[in-house]
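Novice: Structure incoming, see below.
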Amino acid sequence: MKNPMSTKAYAPLASNGKEDILKIAIQKSGRLYDDSVKLLKDCGIDLKNGVNKLKTECDNFPMEIYFLRDDDIPQYVEDAVAHVGIVGENVVHEKNKQVDIVEALGFGKCRLSIAIGRNEKYDSETFLQNKRIATTYPHLVTQFLEKKKIKAEIHEISGSVEIAPGIGLADAIADLVSSGSTLFMNGLKEVETVLESQATLIKNRHLEPSQVKILDKFLFRIRAVRKARNNKYILLNAPNDKLQDIIRLLPGMKSPTVLPLAEAGWSSVHSVLNENDFWDIIERLKEAGAQGILVVPIEKMII
Ligand code: ATP
Ligand code: ZN
């Protein structure tokens, strides 16, 4: 039963107290933890910093957060112990559970790659024929090899995959790579990419309508936060005779805002720039006569 004295700022969506909370599972520690917590906070979801690190509630959003090992998250979401979860695509596809990917989240980027000794000669995937490949991703690697019609021996190991060739346990490995420095330090080189991965939001396939409603609200916030992270607000001063050239360089959400400055013959131009072509456009703006350029982060962006 709901506590009538509850100070929660949101209105419960269901009266039976069962379906009015969305339970989300995130990694309890590791590479996805910081970005997952940051995403929730940027979405305006206040996590209580309790000592109980298995789960925490929120005061201002109908969400309960469970802290779990990333490998367990797909199973928990399939079983509806958590309704949604944040986990790498690599884990989602390896575990192959009955869950849906709802949204790519843009962090935790890496790839599952096959690597071999740096001095080996590699022409094509036929190099892997009848070789021993050590990995923590047997399902994904088997699928990859089947597609390429390669027969190899897969050795499933649970950690420190990169040392397997050095100790004679395997001829090749399949492991997660981001910069490649771990492979390099272990005398290995990347030869095939099995999967490109990033953190994703997954969901249970049988959510109650009230849970779908909370998920939609959460997704709306995620998209606004991610859009804002990829864009910057730009303000600059322009002499009026250069205004048209400058405006042509700026996309803006609709079109740039132009306001007259107190000094005659000058205007202030405001716009939104995408991070990808940011530096290129700034240089061209300067060349076109823009002055006093200010760039400001955007907190939320709703289009
Ligand atoms: P847990 O204790 O939760 O099982 P773990 O040791 O399996 O943690 P981490 O090393 O923290 O997991 O990696 C979690 C996820 O981070 C990976 O499944 C992957 O999606 C992502 N990731 C991003 N870059 C890398 C990388 N260079 N190496 C490993 N994982 C990476
Ligand atoms: Zn793990």
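By convention here, the chains of the structure tokens are called A, B, ... in the order presented, each chain's residues are numbered starting at 1, and ligands are numbered starting at 1 in the order presented.
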Restrict the calculation to only C-alpha atoms and all ligand atoms, then for each residue of chain A with any atom at most 6 Å from an atom of ligand 1 give the closest atom pair and their distance in Å to one decimal, rows by chain and rising residue number, as JSON lines.

Specialist:
```
{"residue": "A:Gln27", "atom": "CA", "partner": "ligand 1", "partner_atom_place_in_ligand_line": "3 (O)", "distance": 5.4}
{"residue": "A:Gly30", "atom": "CA", "partner": "ligand 1", "partner_atom_place_in_ligand_line": "11 (O)", "distance": 3.4}
{"residue": "A:Arg31", "atom": "CA", "partner": "ligand 1", "partner_atom_place_in_ligand_line": "11 (O)", "distance": 3.8}
{"residue": "A:Leu32", "atom": "CA", "partner": "ligand 1", "partner_atom_place_in_ligand_line": "16 (O)", "distance": 5.3}
{"residue": "A:Arg69", "atom": "CA", "partner": "ligand 1", "partner_atom_place_in_ligand_line": "3 (O)", "distance": 3.6}
{"residue": "A:Asp70", "atom": "CA", "partner": "ligand 1", "partner_atom_place_in_ligand_line": "3 (O)", "distance": 4.0}
{"residue": "A:Asp71", "atom": "CA", "partner": "ligand 1", "partner_atom_place_in_ligand_line": "4 (O)", "distance": 5.4}
{"residue": "A:Gly88", "atom": "CA", "partner": "ligand 1", "partner_atom_place_in_ligand_line": "20 (O)", "distance": 3.6}
{"residue": "A:Asn90", "atom": "CA", "partner": "ligand 1", "partner_atom_place_in_ligand_line": "20 (O)", "distance": 5.7}
{"residue": "A:Val91", "atom": "CA", "partner": "ligand 1", "partner_atom_place_in_ligand_line": "18 (O)", "distance": 5.7}
{"residue": "A:Gly108", "atom": "CA", "partner": "ligand 1", "partner_atom_place_in_ligand_line": "23 (C)", "distance": 4.1}
{"residue": "A:Lys109", "atom": "CA", "partner": "ligand 1", "partner_atom_place_in_ligand_line": "23 (C)", "distance": 5.0}
{"residue": "A:Cys110", "atom": "CA", "partner": "ligand 1", "partner_atom_place_in_ligand_line": "24 (N)", "distance": 4.5}
{"residue": "A:Leu176", "atom": "CA", "partner": "ligand 1", "partner_atom_place_in_ligand_line": "28 (N)", "distance": 4.7}
{"residue": "A:Val177", "atom": "CA", "partner": "ligand 1", "partner_atom_place_in_ligand_line": "27 (N)", "distance": 4.5}
{"residue": "A:Ser178", "atom": "CA", "partner": "ligand 1", "partner_atom_place_in_ligand_line": "27 (N)", "distance": 4.1}
{"residue": "A:Gln198", "atom": "CA", "partner": "ligand 1", "partner_atom_place_in_ligand_line": "20 (O)", "distance": 5.9}
{"residue": "A:Ala199", "atom": "CA", "partner": "ligand 1", "partner_atom_place_in_ligand_line": "20 (O)", "distance": 6.0}
```

Novice: Need to verify the contact set: segment 121-138 of chain A, 8 Å, only C-alpha atoms, exclusion of same-chain residues closer than 2 positions in sequence. Can you return it as a list in words?

Specialist: Glu94, Asn119, Leu140, Val141, Thr142, Lys148, Ile150, Lys151, Ala152, Glu153, Ile154, His155, Glu156, Ile157, Ser158, Gly159, Val161, Ala164, Leu169, Ala170, Asp171, Ala172, Ile173, Ala174, Asp175, Val191 and Glu192 of chain A

Novice: Between atom CA of Arg118 of chain A and atom CA of Phe144 of chain A, measure the distance and give it in Å to one decimal.

Specialist: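 Distance reported for this atom pair: 21.8 Å.
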
Novice: Could you pull out all residues of segment 24-66 of chain A with a DSSP call of strand (DSSP E) and give them as an NGL selection string?

Specialist: :A and (24-27 or 55-57 or 63-66)

Novice: Next, dump the selected residues to file, keeping only N, CA, C and O atoms, as a PDB file, in the first residue's frame.

Specialist:
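Final output, saved to again.pdb:
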```pdb
ATOM      1  N   ILE A  24      14.605   0.078 -13.214  1.00  0.00           N
ATOM      2  CA  ILE A  24      15.690   0.081 -14.197  1.00  0.00           C
ATOM      3  C   ILE A  24      16.921  -0.580 -13.585  1.00  0.00           C
ATOM      4  O   ILE A  24      17.248  -0.347 -12.417  1.00  0.00           O
ATOM      5  N   ALA A  25      17.581  -1.424 -14.377  1.00  0.00           N
ATOM      6  CA  ALA A  25      18.820  -2.059 -13.923  1.00  0.00           C
ATOM      7  C   ALA A  25      19.997  -1.388 -14.605  1.00  0.00           C
ATOM      8  O   ALA A  25      19.984  -1.202 -15.829  1.00  0.00           O
ATOM      9  N   ILE A  26      20.990  -0.996 -13.806  1.00  0.00           N
ATOM     10  CA  ILE A  26      22.223  -0.460 -14.386  1.00  0.00           C
ATOM     11  C   ILE A  26      23.412  -1.211 -13.774  1.00  0.00           C
ATOM     12  O   ILE A  26      23.260  -1.877 -12.742  1.00  0.00           O
ATOM     13  N   GLN A  27      24.569  -1.074 -14.419  1.00  0.00           N
ATOM     14  CA  GLN A  27      25.753  -1.782 -13.910  1.00  0.00           C
ATOM     15  C   GLN A  27      26.140  -1.238 -12.536  1.00  0.00           C
ATOM     16  O   GLN A  27      26.159  -0.022 -12.330  1.00  0.00           O
ATOM     17  N   LYS A  55      19.715  -1.383  -4.544  1.00  0.00           N
ATOM     18  CA  LYS A  55      18.716  -0.576  -5.250  1.00  0.00           C
ATOM     19  C   LYS A  55      18.523   0.767  -4.564  1.00  0.00           C
ATOM     20  O   LYS A  55      18.847   0.934  -3.391  1.00  0.00           O
ATOM     21  N   THR A  56      18.026   1.723  -5.346  1.00  0.00           N
ATOM     22  CA  THR A  56      17.729   3.026  -4.780  1.00  0.00           C
ATOM     23  C   THR A  56      16.472   3.575  -5.438  1.00  0.00           C
ATOM     24  O   THR A  56      16.132   3.196  -6.558  1.00  0.00           O
ATOM     25  N   GLU A  57      15.781   4.439  -4.714  1.00  0.00           N
ATOM     26  CA  GLU A  57      14.567   5.045  -5.260  1.00  0.00           C
ATOM     27  C   GLU A  57      14.859   6.466  -5.707  1.00  0.00           C
ATOM     28  O   GLU A  57      15.943   6.975  -5.489  1.00  0.00           O
ATOM     29  N   MET A  63      10.665   5.893 -10.517  1.00  0.00           N
ATOM     30  CA  MET A  63      11.676   4.937 -10.972  1.00  0.00           C
ATOM     31  C   MET A  63      12.422   4.360  -9.776  1.00  0.00           C
ATOM     32  O   MET A  63      12.664   5.050  -8.784  1.00  0.00           O
ATOM     33  N   GLU A  64      12.761   3.075  -9.886  1.00  0.00           N
ATOM     34  CA  GLU A  64      13.580   2.413  -8.875  1.00  0.00           C
ATOM     35  C   GLU A  64      14.811   1.898  -9.611  1.00  0.00           C
ATOM     36  O   GLU A  64      14.666   1.316 -10.694  1.00  0.00           O
ATOM     37  N   ILE A  65      15.994   2.122  -9.044  1.00  0.00           N
ATOM     38  CA  ILE A  65      17.220   1.757  -9.755  1.00  0.00           C
ATOM     39  C   ILE A  65      17.885   0.569  -9.070  1.00  0.00           C
ATOM     40  O   ILE A  65      18.127   0.598  -7.865  1.00  0.00           O
ATOM     41  N   TYR A  66      18.152  -0.465  -9.850  1.00  0.00           N
ATOM     42  CA  TYR A  66      18.822  -1.662  -9.345  1.00  0.00           C
ATOM     43  C   TYR A  66      20.252  -1.679  -9.870  1.00  0.00           C
ATOM     44  O   TYR A  66      20.479  -1.434 -11.050  1.00  0.00           O
TER      45      TYR A  66
END
```

Novice: Just how far from atom CA of Glu78 of chain A is atom CA of Phe218 of chain A, in Å to one decimal?

Specialist: 19.5 Å

Novice: Just how far from atom CA of Arg229 of chain A is atom CA of Glu103 of chain A, in Å to one decimal?

Specialist: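 Straight-line distance from atom CA of Glu103 of chain A to atom CA of Arg229 of chain A works out to 15.9 Å.
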
Novice: With only C-alpha atoms as the counted atoms, please give the residues lying no more than 12 Å from Ile101 of chain A, apart from itself and same-chain residues fewer than 3 positions off, as number ranges by chain.

Specialist: A: 74, 77-78, 84-93, 96-98, 104-105, 198-205

Novice: Rank A:Ala115, A:Ala290, A:Leu250, A:Leu215 by their smallest atom-to-atom distance to Ser271 of chain A, using only C-alpha atoms, and report the top residue only.

Specialist: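 Closest to Ser271 of chain A, using only C-alpha atoms: A:Leu250.
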
Novice: Taking the DSSP assignment computed from this structure's backbone, write out as JSON, numbers by chain all residues of segment 221-267 of chain A that belong to helix (DSSP H, G or I).

Specialist: {"A": [221, 222, 223, 224, 225, 226, 227, 228, 229, 240, 241, 242, 243, 244, 245, 246, 247, 248, 249]}

Novice: Would you output that residue set with C-alpha atoms, as a compact mmCIF listing (two decimals), in the first residue's frame?

Specialist:
```
# COMPACT_ATOMS: atom_id res chain seq x y z
CA ARG A 221 14.07 13.08 -21.58
CA ILE A 222 16.92 10.86 -22.82
CA ARG A 223 16.48 12.19 -26.35
CA ALA A 224 16.39 15.82 -25.17
CA VAL A 225 19.56 15.29 -23.12
CA ARG A 226 21.41 13.53 -25.95
CA LYS A 227 20.43 16.15 -28.51
CA ALA A 228 21.64 18.88 -26.16
CA ARG A 229 24.97 17.10 -25.61
CA ASN A 240 25.51 44.38 -40.63
CA ASP A 241 27.20 44.42 -44.04
CA LYS A 242 28.55 40.88 -43.36
CA LEU A 243 25.33 39.59 -41.82
CA GLN A 244 24.05 37.66 -44.82
CA ASP A 245 27.34 35.76 -45.30
CA ILE A 246 27.43 34.87 -41.62
CA ILE A 247 23.80 33.75 -41.45
CA ARG A 248 24.35 31.47 -44.43
CA LEU A 249 26.93 29.53 -42.37
```

Novice: Under the rule that only C-alpha atoms and all ligand atoms are counted, which of A:Glu263, A:Asp72, A:Asp35, A:Asp46 is the nearest residue to ligand 2?

Specialist: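 Looking at the shortest contact to ligand 2, the residue is A:Asp72.
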
Novice: Within 6 Å of Trp266 of chain A, counting only C-alpha atoms, which residues qualify if same-chain residues fewer than 5 places away don't, as an MDAnalysis selection string?

Specialist: chainID A and resid 238:240 261

Novice: Counting only C-alpha atoms and all ligand atoms, figure out which residue out of A:Val37, A:Met301, A:Ile73, A:Ala82 gets nearest to ligand 2.

Specialist: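 Closest to ligand 2, using only C-alpha atoms and all ligand atoms: A:Ile73.
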
Novice: In terms of the shortest atom-to-atom distance over only C-alpha atoms and all ligand atoms, which of A:Arg284, A:Arg111, A:Lys95, A:Lys41 is closest to ligand 2?

Specialist: A:Lys95
